[in-house]
Every structure is written in C-alpha cells, then in structure tokens.
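S.K.: Contents of coords.cif (mmCIF, C-alpha atoms) are below:
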```
data_protein
#
loop_
_atom_site.label_atom_id
_atom_site.label_comp_id
_atom_site.auth_asym_id
_atom_site.auth_seq_id
_atom_site.Cartn_x
_atom_site.Cartn_y
_atom_site.Cartn_z
CA ASN A 752 64.89 150.53 88.27
CA GLN A 753 66.58 151.88 85.14
CA SER A 754 69.12 153.84 87.22
CA PHE A 755 69.97 150.66 89.16
CA PHE A 756 70.89 148.86 85.93
CA SER A 757 72.84 151.89 84.73
CA GLU A 758 74.88 151.80 87.95
CA ILE A 759 75.58 148.11 87.47
CA GLU A 760 76.69 148.67 83.87
CA LEU A 761 78.97 151.50 85.00
CA CYS A 762 80.53 149.28 87.67
CA PHE A 763 80.96 146.47 85.16
CA ASP A 764 82.70 148.84 82.72
CA GLU A 765 85.09 149.94 85.48
CA VAL A 766 85.87 146.32 86.34
CA LYS A 767 86.50 145.46 82.68
CA GLU A 768 89.08 148.23 82.45
CA PHE A 769 90.76 147.40 85.75
CA THR A 770 94.33 146.17 85.34
CA PRO A 771 95.96 144.87 88.51
CA LYS A 772 99.46 146.11 89.23
CA PRO A 773 102.08 143.37 89.27
CA ALA A 774 103.10 142.44 92.79
CA ASP A 775 106.72 142.71 93.81
CA LEU A 776 107.43 139.15 94.91
CA SER A 777 111.21 139.55 95.04
CA LEU A 778 111.13 139.81 98.84
CA VAL A 779 109.06 136.63 99.20
CA ALA A 780 111.26 134.77 96.71
CA SER A 781 114.37 135.73 98.66
CA ILE A 782 113.15 134.16 101.92
CA SER A 783 114.74 130.77 102.53
CA PRO A 784 112.45 127.73 102.99
CA SER A 785 113.91 127.09 106.44
CA TYR A 786 113.02 130.65 107.51
CA LEU A 787 109.48 130.22 106.17
CA THR A 788 109.22 127.00 108.20
CA LYS A 789 110.25 128.93 111.32
CA ILE A 790 107.59 131.59 110.63
CA GLN A 791 104.97 128.87 110.11
CA GLU A 792 106.10 127.12 113.28
CA GLU A 793 105.73 130.31 115.33
CA PHE A 794 102.34 131.18 113.82
CA HIS A 795 100.92 127.68 114.46
CA LYS A 796 102.71 127.07 117.76
CA ASP A 797 99.59 125.81 119.59
CA ARG A 798 98.77 123.22 116.93
CA ILE A 799 102.34 121.97 116.88
CA ILE A 800 102.56 121.73 120.68
CA GLN A 801 99.29 119.78 120.76
CA ALA A 802 100.44 117.42 117.97
CA LYS A 803 103.74 116.79 119.78
CA PHE A 804 101.80 116.01 122.95
CA VAL A 805 99.48 113.58 121.14
CA LEU A 806 102.45 111.86 119.50
CA SER A 807 104.35 111.57 122.80
CA GLN A 808 101.29 110.02 124.42
CA ASN A 809 101.23 107.37 121.69
CA ILE A 810 104.88 106.54 120.98
CA GLY A 811 106.79 108.12 123.85
CA TYR A 812 108.54 110.75 121.67
CA ASN A 813 107.25 114.16 120.65
CA GLY A 814 109.19 114.54 117.39
CA THR A 815 110.72 117.44 115.48
CA TYR A 816 108.41 119.73 113.53
CA VAL A 817 108.54 119.15 109.75
CA GLY A 818 105.46 120.91 108.42
CA LEU A 819 101.72 121.32 108.61
CA GLY A 820 98.74 121.64 106.38
CA SER A 821 94.99 121.87 106.39
CA GLU A 822 94.56 118.48 108.02
CA GLY A 823 97.51 117.76 110.27
CA VAL A 824 100.98 118.35 111.63
CA SER A 825 103.99 116.32 110.43
CA LEU A 826 106.69 115.44 112.94
CA ARG A 827 109.94 113.52 112.47
CA VAL A 828 111.28 110.94 114.89
CA ASP A 829 114.56 109.37 113.73
CA GLY A 830 113.95 107.94 110.24
CA ASN A 831 110.14 108.20 110.38
CA ILE A 832 107.52 110.85 109.74
CA PHE A 833 104.35 110.95 111.82
CA LYS A 834 101.36 112.93 110.58
CA VAL A 835 99.01 113.81 113.44
CA PHE A 836 95.59 114.61 111.97
CA ASP A 837 94.48 117.35 114.34
CA LEU A 838 91.89 118.87 111.98
CA VAL A 839 90.28 115.71 110.59
CA HIS A 840 87.42 114.48 112.71
CA ASP A 841 85.91 111.94 110.32
CA ARG A 842 88.27 109.01 109.76
CA ARG A 843 86.31 108.01 106.65
CA MET A 844 87.94 111.00 104.91
CA LEU A 845 91.39 109.43 105.37
CA PRO A 846 92.98 106.69 103.26
CA SER A 847 92.21 103.06 104.04
CA GLU A 848 94.77 100.85 105.76
CA GLU A 849 95.14 98.92 102.50
CA SER A 850 95.96 102.12 100.57
CA LEU A 851 98.54 103.03 103.19
CA ARG A 852 100.22 99.62 102.89
CA PHE A 853 100.81 100.30 99.18
CA LEU A 854 102.45 103.60 100.15
CA ASN A 855 104.63 102.01 102.86
CA ALA A 856 102.68 103.80 105.59
CA SER A 857 100.37 102.72 108.40
CA TYR A 858 98.13 104.02 111.14
CA ILE A 859 99.12 104.05 114.79
CA ASP A 860 96.44 102.79 117.14
CA SER A 861 95.26 106.07 118.67
CA ASP A 862 92.15 108.14 119.37
CA THR A 863 93.60 110.83 117.10
CA PRO A 864 94.44 109.52 113.62
CA ILE A 865 98.21 109.29 113.13
CA ILE A 866 99.94 107.98 110.01
CA THR A 867 103.55 106.88 110.12
CA ARG A 868 105.89 106.27 107.22
CA LYS A 869 109.57 106.29 106.44
CA TYR A 870 111.26 109.66 106.06
CA TYR A 871 112.20 110.21 102.42
CA PRO A 872 115.33 112.31 101.91
CA GLY A 873 115.58 114.56 98.93
CA VAL A 874 114.79 118.04 97.75
CA THR A 875 111.45 119.69 97.14
CA TYR A 876 110.51 119.01 93.54
CA ARG A 877 110.81 121.97 91.17
CA GLY A 878 109.79 120.51 87.82
CA GLY A 879 111.35 118.43 85.08
CA HIS A 880 112.40 114.80 85.67
CA SER A 881 109.59 113.50 83.46
CA TYR A 882 110.84 109.90 83.60
CA ALA A 883 110.65 109.94 87.41
CA MET A 884 107.13 111.40 87.23
CA ILE A 885 106.00 108.72 84.76
CA LYS A 886 107.42 106.04 87.05
CA LEU A 887 105.55 107.58 90.02
CA LEU A 888 102.29 107.66 88.05
CA ARG A 889 102.69 104.04 86.92
CA THR A 890 103.27 102.95 90.52
CA TRP A 891 100.20 104.77 91.85
CA ARG A 892 98.07 103.45 88.98
CA SER A 893 99.21 99.87 89.67
CA TYR A 894 98.01 100.35 93.28
CA GLY A 895 94.64 101.68 92.07
CA LEU A 896 95.31 104.98 93.82
CA SER A 897 95.49 108.66 92.96
CA HIS A 898 96.48 111.86 94.75
CA THR A 899 94.12 114.78 94.23
CA ASN A 900 96.57 117.50 95.32
CA LEU A 901 99.76 116.67 93.46
CA THR A 902 101.93 119.80 93.52
CA PRO A 903 105.67 120.42 93.67
CA ASP A 904 105.29 121.00 97.43
CA THR A 905 103.83 117.51 97.93
CA LEU A 906 106.73 115.82 96.12
CA VAL A 907 110.34 115.08 97.01
CA TYR A 908 112.97 114.27 94.39
CA ASP A 909 115.79 111.93 95.38
CA GLU A 910 118.72 112.77 93.10
CA ASN A 911 120.67 109.60 93.97
CA MET A 912 117.78 107.24 93.19
CA GLN A 913 116.26 109.57 90.55
CA THR A 914 112.82 109.00 92.03
CA LEU A 915 109.88 111.14 93.03
CA THR A 916 107.92 110.39 96.20
CA VAL A 917 104.61 111.85 97.31
CA VAL A 918 105.24 113.01 100.86
CA ASP A 919 101.80 114.41 101.69
CA ILE A 920 99.71 111.37 102.57
CA GLY A 921 96.24 112.19 103.85
CA ARG A 922 92.75 112.84 102.60
CA ASP A 923 94.12 113.60 99.13
CA VAL A 924 94.81 109.88 98.62
CA LYS A 925 91.85 108.49 96.67
CA GLY A 926 90.98 105.51 94.54
CA SER A 927 91.75 105.36 90.83
CA GLN A 928 88.62 107.38 89.92
CA SER A 929 90.73 110.56 90.24
CA PHE A 930 93.78 109.23 88.39
CA ASN A 931 93.22 111.37 85.25
CA ASP A 932 93.23 114.48 87.43
CA MET A 933 96.47 113.29 89.04
CA CYS A 934 98.00 112.95 85.57
CA LYS A 935 96.96 116.48 84.64
CA ARG A 936 98.50 117.83 87.82
CA ALA A 937 101.65 115.77 87.17
CA TYR A 938 101.96 117.32 83.71
CA LEU A 939 101.70 120.82 85.19
CA CYS A 940 104.31 119.93 87.82
CA VAL A 941 106.77 118.65 85.20
CA GLN A 942 106.23 121.62 82.89
CA PHE A 943 106.05 124.48 85.36
CA GLY A 944 107.47 123.07 88.62
#
```
Kindly present the structure from the file in structure tokens form.
M.R.:
Amino acid sequence: NQSFFSEIELCFDEVKEFTPKPADLSLVASISPSYLTKIQEEFHKDRIIQAKFVLSQNIGYNGTYVGLGSEGVSLRVDGNIFKVFDLVHDRRMLPSEESLRFLNASYIDSDTPIITRKYYPGVTYRGGHSYAMIKLLRTWRSYGLSHTNLTPDTLVYDENMQTLTVVDIGRDVKGSQSFNDMCKRAYLCVQFG
C-alpha cells in the first residue's frame, strides 16, 4: 500500500512541474471567418441538409446557411434568420413565446421547433463599445430576461446604429434569475472581446 501512495506522490510531483508549451495559433488566427464557415458547413453537411429540408417543408424555402451550434442550424431567407432546432427534443428547454416577442422573434408552427427573427446586419463583436453593452443589458433587464452564454460570437455590433444585438436565441435565453451572470459575461466581453 505504501508503494502505491509513493507512486501517486511521484506522479503528482511530475504534474506540478509540467509546463505546457505555448501553442502556435498563428495559422488558426490567419484563417478568414468565411473560410471557417465553409469548413464547418462541409463537416456538418448532413445536419445542414436536414435543416434546409425541414425549413422548406414549413415555409417553402430552404435558406442559405449562416451557422450552427449545439442546438440548431441557422439559415437566412431574405431579411430573416430561421433557427431550426435539430438537436433540441424538449421544447421546455427553449424560450417561451412571450420571451421571443420581447426579442422580436417568434416560433413557426412546426413539428420541429423553428424560431424566426429579423436578420441583423453588423460585424461580430470584438470588445469595447461599453455604452452599447450597457444599453443591451438595460433592455434585457427591462424584459426580465437574461442570456446565459453571452460571448463575442453571440453578439453583432451595428456601427451605424451603435447597437449590440444578441443573435444566438435559443436555450440560453432565461428569466432574470441569471441576469447577474449575464452582466459578468458582458464585462468580460467588453474588456477582452
């Protein structure tokens, strides 16, 4: 038994002294977002094809691929975004219709949950613009809502209107009980983009 503990201590000492080598991320940083979208689109081709099929069955158009996440595929048709929830099987995990109304979004009557909302032009948020972030937080708080996954990738900044918009609407939309966490994430977004 003593030798077992000696082995563990030896392993622990090795782990304490381990220093990871810095990764060379210059190649990843040099890849354009549009190219990354193409890679993602190829890798998840089956999900995207299925989402386009579901959307075409419901609105008559299959849409242009915009992005995907852990819960659904986003497609654009004209000035609207449609999020087809292909990986959410319990609708209770999704935002209520009332919450969606506050966010200028709604459900489409379908067997598969689909949210539609206006397409928001702009650029992916990369930090700063604290006034726009405060305005966004005030708006969400006035609706009694919070977003539990606020990151630069879930935000779009409109330079003309100087506004931030949350573009990832899904199971991360919660009631105000998570608002403090949203504020903490907002602070990190502003500071570190």
S.K.: Smallest atom-to-atom distance to Gly820 (chain A): which of A:Leu851, A:Leu845, A:Leu838, A:Val805, using only C-alpha atoms?
M.R.: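 Of A:Leu851, A:Leu845, A:Leu838, A:Val805, the one nearest Gly820 (chain A) is A:Leu838, counting only C-alpha atoms.
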S.K.: With the file shown as input, list the residues that the PyMOL selection byres ((chain A and resi 868) around 8) selects, as a list of chain:residue names.
M.R.: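 Applying the PyMOL selection byres ((chain A and resi 868) around 8) to the structure shown produces A:Asn831, A:Ile832, A:Phe833, A:Asn855, A:Ala856, A:Ser857, A:Ile866, A:Thr867, A:Lys869, A:Tyr870.
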S.K.: Out of A:Lys834, A:Lys925, A:Arg889, A:Arg936, which residue has the shortest atom-to-atom distance to Ile799 (chain A) when counting only C-alpha atoms?
M.R.: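 Of the candidates, the smallest distance to Ile799 (chain A) is held by A:Lys834.
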S.K.: So that I can see what lies close to Thr875 (chain A), please list as a PyMOL selection string the residues with an atom at most 7 Å from it, counting all atoms listed in the file and leaving out residues fewer than 2 positions away in the same chain.
M.R.: chain A and resi 873+877+903-904+906-908
S.K.: Using all atoms listed in the file, collect all residues at a distance of at most 6 Å from (92.8, 107.9, 104.3) as written in the file, then present them as number ranges by chain.
M.R.: A: 844-847, 921-922
S.K.: Dump C-alpha atoms for the selected residues as a PDB file, in the coordinates of the input?
M.R.:
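Everything below was put into out.pdb:
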```
ATOM      1  CA  MET A 844      87.940 111.000 104.910  1.00  0.00           C
ATOM      2  CA  LEU A 845      91.390 109.430 105.370  1.00  0.00           C
ATOM      3  CA  PRO A 846      92.980 106.690 103.260  1.00  0.00           C
ATOM      4  CA  SER A 847      92.210 103.060 104.040  1.00  0.00           C
ATOM      5  CA  GLY A 921      96.240 112.190 103.850  1.00  0.00           C
ATOM      6  CA  ARG A 922      92.750 112.840 102.600  1.00  0.00           C
TER       7      ARG A 922
END
```
S.K.: Given the choices A:Ala883, A:Cys940, A:Leu826, A:Val924, which gets closest to Met912 (chain A) if the distance is worked out from only C-alpha atoms?
M.R.: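 The shortest atom-to-atom distance to Met912 (chain A) comes from A:Ala883.
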S.K.: Using Å and a single decimal, report how far CA of Val835 (chain A) sits from CA of His795 (chain A).
M.R.: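 Result for CA of His795 (chain A) versus CA of Val835 (chain A): 14.0 Å, one decimal.
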S.K.: Between CA of Gln801 (chain A) and CA of Leu787 (chain A), what is the distance, to one decimal in Å?
M.R.: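 These atoms are spaced 20.6 Å apart.
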S.K.: As a check of understanding, name the residues that the PyMOL selection byres ((chain A and resi 884) around 10) selects in the supplied structure, as a VMD selection string.
M.R.: chain A and resid 878 to 883 885 to 890 906 908 913 to 916 934 937 to 938 940 to 941
S.K.: So how far away is CA of Pro864 (chain A) from CA of Phe836 (chain A), in Å?
M.R.: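 We find that CA of Phe836 (chain A) and CA of Pro864 (chain A) lie 5.5 Å from each other.
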S.K.: Got a sec: who's within 10 Å of Tyr816 (chain A), counting only C-alpha atoms, leaving out chain neighbours fewer than 5 positions off, as a VMD selection string?
M.R.: chain A and resid 788 to 789 792 799 to 800 802 to 803 824 to 828 832 to 833
S.K.: My list of candidates is A:Arg852, A:Glu822, A:His898, A:Asp919. Which is closest to Arg798 (chain A) when distances are computed with only C-alpha atoms?
M.R.: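 Of A:Arg852, A:Glu822, A:His898, A:Asp919, the one nearest Arg798 (chain A) is A:Glu822, counting only C-alpha atoms.
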S.K.: Of the candidates A:Leu854, A:Ile810, A:Ile865, A:Val918, which one gets nearest to Gly895 (chain A) if we count only C-alpha atoms?
M.R.: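 Residue with the minimum atom-to-atom distance to Gly895 (chain A): A:Leu854.
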S.K.: Find, counting all atoms listed in the file, the residue in A:Val817, A:Ile790, A:Tyr871, A:Tyr894 that gets nearest to Asp909 (chain A).
M.R.: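 Once distances to Asp909 (chain A) are computed over all atoms listed in the file, the minimum belongs to A:Tyr871.
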